[in-house]
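Novice: Following this line is coords_21.tsv, made up of TSV, C-alpha atoms:
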chain	number	residue	atom	x	y	z
A	1	MET	CA	35.06	38.87	39.89
A	2	LEU	CA	34.39	36.08	37.45
A	3	SER	CA	33.70	32.56	38.65
A	4	LYS	CA	35.95	29.53	38.30
A	5	TYR	CA	33.22	28.07	36.09
A	6	PHE	CA	33.53	31.06	33.75
A	7	GLU	CA	37.31	30.70	33.63
A	8	TYR	CA	37.07	26.98	32.89
A	9	LYS	CA	34.09	26.99	30.54
A	10	THR	CA	35.20	29.85	28.29
A	11	LYS	CA	38.41	27.98	27.42
A	12	THR	CA	36.69	24.80	26.21
A	13	ASP	CA	36.48	24.00	22.52
A	14	SER	CA	32.72	23.44	22.71
A	15	PHE	CA	32.16	26.89	24.22
A	16	ILE	CA	34.35	28.62	21.64
A	17	LYS	CA	32.60	26.80	18.77
A	18	ASN	CA	29.18	27.67	20.22
A	19	ILE	CA	30.12	31.37	20.50
A	20	GLU	CA	31.45	31.48	16.95
A	21	ALA	CA	28.36	29.72	15.58
A	22	THR	CA	26.08	32.05	17.55
A	23	ILE	CA	27.84	35.15	16.22
A	24	ASP	CA	27.59	33.76	12.70
A	25	GLU	CA	23.88	32.97	13.11
A	26	LEU	CA	23.00	36.37	14.60
A	27	LYS	CA	25.26	38.69	12.60
A	28	ASP	CA	22.48	39.99	10.32
A	29	LYS	CA	19.72	39.97	12.93
A	30	LYS	CA	18.36	42.49	15.43
A	31	VAL	CA	19.73	41.28	18.76
A	32	LEU	CA	18.55	42.17	22.23
A	33	LEU	CA	21.25	41.47	24.80
A	34	TYR	CA	20.03	40.26	28.18
A	35	GLY	CA	22.63	40.86	30.86
A	36	PHE	CA	25.47	43.35	30.88
A	37	GLY	CA	27.70	42.13	33.66
A	38	SER	CA	31.34	41.22	34.00
A	39	ALA	CA	30.92	38.01	31.99
A	40	PHE	CA	29.65	39.87	28.93
A	41	VAL	CA	32.31	42.57	29.21
A	42	GLU	CA	35.06	39.95	29.39
A	43	LEU	CA	33.64	37.92	26.49
A	44	ASN	CA	33.19	41.08	24.42
A	45	LYS	CA	36.93	41.76	24.72
A	46	LYS	CA	37.61	38.50	22.91
A	47	TYR	CA	34.64	38.19	20.54
A	48	ASN	CA	33.68	41.83	19.85
A	49	PHE	CA	29.91	41.29	20.10
A	50	LEU	CA	29.28	45.03	20.11
A	51	GLU	CA	31.03	45.37	16.75
A	52	LYS	CA	29.95	42.11	15.09
A	53	LEU	CA	26.27	42.06	16.07
A	54	ASN	CA	23.43	44.49	15.60
A	55	ILE	CA	22.62	44.89	19.31
A	56	ILE	CA	19.59	47.15	19.43
A	57	ALA	CA	18.99	47.14	23.19
A	58	ILE	CA	20.32	45.76	26.44
A	59	ALA	CA	18.02	44.45	29.15
A	60	ASP	CA	19.39	44.13	32.66
A	61	LYS	CA	17.88	44.20	36.14
A	62	LYS	CA	20.21	47.04	37.06
A	63	TYR	CA	18.25	49.30	34.70
A	64	GLU	CA	15.16	48.86	36.90
A	65	LYS	CA	16.68	51.47	39.21
A	66	PRO	CA	16.84	55.04	37.88
A	67	ASN	CA	20.33	56.21	36.96
A	68	LYS	CA	21.93	52.88	37.86
A	69	GLN	CA	25.11	53.08	35.80
A	70	SER	CA	28.58	51.65	36.05
A	71	ALA	CA	31.90	52.09	34.30
A	72	LYS	CA	30.94	49.17	32.02
A	73	ASP	CA	28.02	51.22	30.68
A	74	GLU	CA	30.46	53.55	28.96
A	75	LEU	CA	30.95	50.78	26.38
A	76	ILE	CA	27.32	51.05	25.32
A	77	THR	CA	26.42	54.74	25.36
A	78	VAL	CA	24.55	54.50	22.04
A	79	ILE	CA	22.60	51.32	22.78
A	80	LYS	CA	19.19	51.56	24.42
A	81	LYS	CA	19.11	50.25	28.00
A	82	ILE	CA	15.84	48.73	29.25
A	83	LYS	CA	14.29	46.87	32.16
A	84	PRO	CA	13.68	43.16	31.57
A	85	ASN	CA	9.90	43.62	31.75
A	86	ASP	CA	10.12	46.07	28.83
A	87	ILE	CA	11.62	43.53	26.42
A	88	THR	CA	8.31	43.00	24.63
A	89	ASP	CA	8.28	46.70	23.70
A	90	ILE	CA	11.37	46.22	21.51
A	91	ASP	CA	11.44	44.92	17.93
A	92	PHE	CA	14.12	42.20	17.90
A	93	ASP	CA	14.84	38.88	16.20
A	94	TYR	CA	16.81	37.13	18.96
A	95	ILE	CA	17.69	37.51	22.64
A	96	LEU	CA	21.33	36.81	23.49
A	97	LEU	CA	21.89	35.76	27.12
A	98	SER	CA	25.30	36.36	28.65
A	99	ASN	CA	24.55	35.03	32.13
A	100	GLU	CA	26.44	31.94	33.38
A	101	ASN	CA	23.20	30.53	34.82
A	102	PRO	CA	20.60	31.20	32.14
A	103	LYS	CA	17.87	28.82	33.32
A	104	SER	CA	15.95	31.28	35.52
A	105	ILE	CA	16.20	33.99	32.86
A	106	ILE	CA	14.96	31.61	30.16
A	107	ASN	CA	12.06	30.62	32.41
A	108	PHE	CA	11.24	34.30	33.04
A	109	LEU	CA	11.31	35.10	29.31
A	110	ILE	CA	9.09	32.15	28.39
A	111	ASP	CA	6.71	32.10	31.36
A	112	ASN	CA	6.31	35.82	32.06
A	113	LEU	CA	6.95	37.51	28.72
A	114	HIS	CA	5.81	34.65	26.45
A	115	ILE	CA	8.98	34.73	24.36
A	116	LYS	CA	9.46	31.71	22.09
A	117	ARG	CA	12.31	29.45	23.23
A	118	GLU	CA	13.70	29.27	19.67
A	119	ILE	CA	14.75	32.92	19.68
A	120	ILE	CA	16.59	32.77	23.02
A	121	LYS	CA	20.33	32.18	22.54
A	122	PRO	CA	22.29	31.56	25.75
A	123	LEU	CA	26.08	31.80	25.55
A	124	PHE	CA	26.36	29.35	28.43
A	125	ILE	CA	24.31	26.31	27.49
A	126	GLU	CA	25.09	24.21	30.55
A	127	GLU	CA	24.30	24.94	34.15
A	128	ILE	CA	27.25	25.25	36.51
A	129	TYR	CA	26.39	22.08	38.43
A	130	GLU	CA	26.42	20.05	35.20
A	131	ILE	CA	30.02	20.86	34.44
A	132	CYS	CA	31.54	21.15	37.92
A	133	LYS	CA	30.55	17.79	39.38
If you convert what's in this file into structure tokens, what do you get?
Specialist:
Amino acid sequence: MLSKYFEYKTKTDSFIKNIEATIDELKDKKVLLYGFGSAFVELNKKYNFLEKLNIIAIADKKYEKPNKQSAKDELITVIKKIKPNDITDIDFDYILLSNENPKSIINFLIDNLHIKREIIKPLFIEEIYEICK
């Protein structure tokens, strides 16, 4: 189930413009998607990330467990699925984050994997508490 924040945020003009600009910026790049949950699946229905972007791999904590699959994974049978700690083994240009709360993921990528902040592109650029005061 998607959050009320997701429902609200994804209908705002600023969110829609950010998504469109991000797709435009990344369309000719090698993109690693971080997070393949309900939010991404729902956004993909509207924005067709899987068709418009060159997504070379998907990192998600669920792939840390062997054979952890879901019905959503049928959408991505040809895309490599990896554990978050294996991100540095992949040749990519940008990391696209689909999580509603990207702060902890961004911190993990920068602090643990030493990924440069400039190549991390969150779809949600505000924390939930900033918008739902």
Novice: Find the distance between CA of Ile16 in chain A and CA of Ile55 in chain A and write it in Å to one decimal.
Specialist: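 Computing it gives 20.2 Å between the two atoms.
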Novice: Looking at all atoms listed in the file, which of A:Lys83, A:Lys4, A:Lys103, A:Lys61 is the one that sits closest to Phe124 in chain A?
Specialist: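 Of A:Lys83, A:Lys4, A:Lys103, A:Lys61, the one nearest Phe124 in chain A, counting all atoms listed in the file, is A:Lys103.
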Novice: What is the CA of Glu118 in chain A-CA of Lys17 in chain A distance in Å, reported with one decimal?
Specialist: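 Distance reported for this atom pair: 19.1 Å.
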Novice: Where's the centre, and what are the edge lengths in Å to one decimal, of a box along x, y and z enclosing all listed atoms of range 42-48 of chain A padded 5 Å per side, as lines of an AutoDock Vina configuration file?
Specialist:
center_x = 35.4
center_y = 39.9
center_z = 24.6
size_x = 14.4
size_y = 13.9
size_z = 19.5
Novice: Might you pull out every residue within 10 Å of Phe36 in chain A, with all atoms listed in the file counted and same-chain residues fewer than 3 positions away left off, and present them as a VMD selection string?
Specialist: chain A and resid 33 39 to 41 58 to 62 72 to 73 76 81 97 to 99
Novice: Identify, on the basis of all atoms listed in the file, every residue whose closest approach to Tyr8 in chain A does not exceed 12 Å; exclude the query and any residue fewer than 3 positions from it along the same chain; express the result as a count of residues only.
Specialist: 15
Novice: How many Å lie between CA of Asp24 in chain A and CA of Leu43 in chain A, rounded to one decimal?
Specialist: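 Between CA of Asp24 in chain A and CA of Leu43 in chain A the gap is 15.6 Å.
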Novice: With only C-alpha atoms as the counted atoms, please give the residues lying no more than 9 Å from Pro102 in chain A, apart from itself and same-chain residues fewer than 4 positions off, as a PDB file with C-alpha atoms, keeping the file's coordinate frame.
Specialist:
ATOM      1  CA  LEU A  97      21.890  35.760  27.120  1.00  0.00           C
ATOM      2  CA  SER A  98      25.300  36.360  28.650  1.00  0.00           C
ATOM      3  CA  ILE A 106      14.960  31.610  30.160  1.00  0.00           C
ATOM      4  CA  ASN A 107      12.060  30.620  32.410  1.00  0.00           C
ATOM      5  CA  PRO A 122      22.290  31.560  25.750  1.00  0.00           C
ATOM      6  CA  LEU A 123      26.080  31.800  25.550  1.00  0.00           C
ATOM      7  CA  PHE A 124      26.360  29.350  28.430  1.00  0.00           C
ATOM      8  CA  ILE A 125      24.310  26.310  27.490  1.00  0.00           C
ATOM      9  CA  GLU A 126      25.090  24.210  30.550  1.00  0.00           C
ATOM     10  CA  GLU A 127      24.300  24.940  34.150  1.00  0.00           C
TER      11      GLU A 127
END
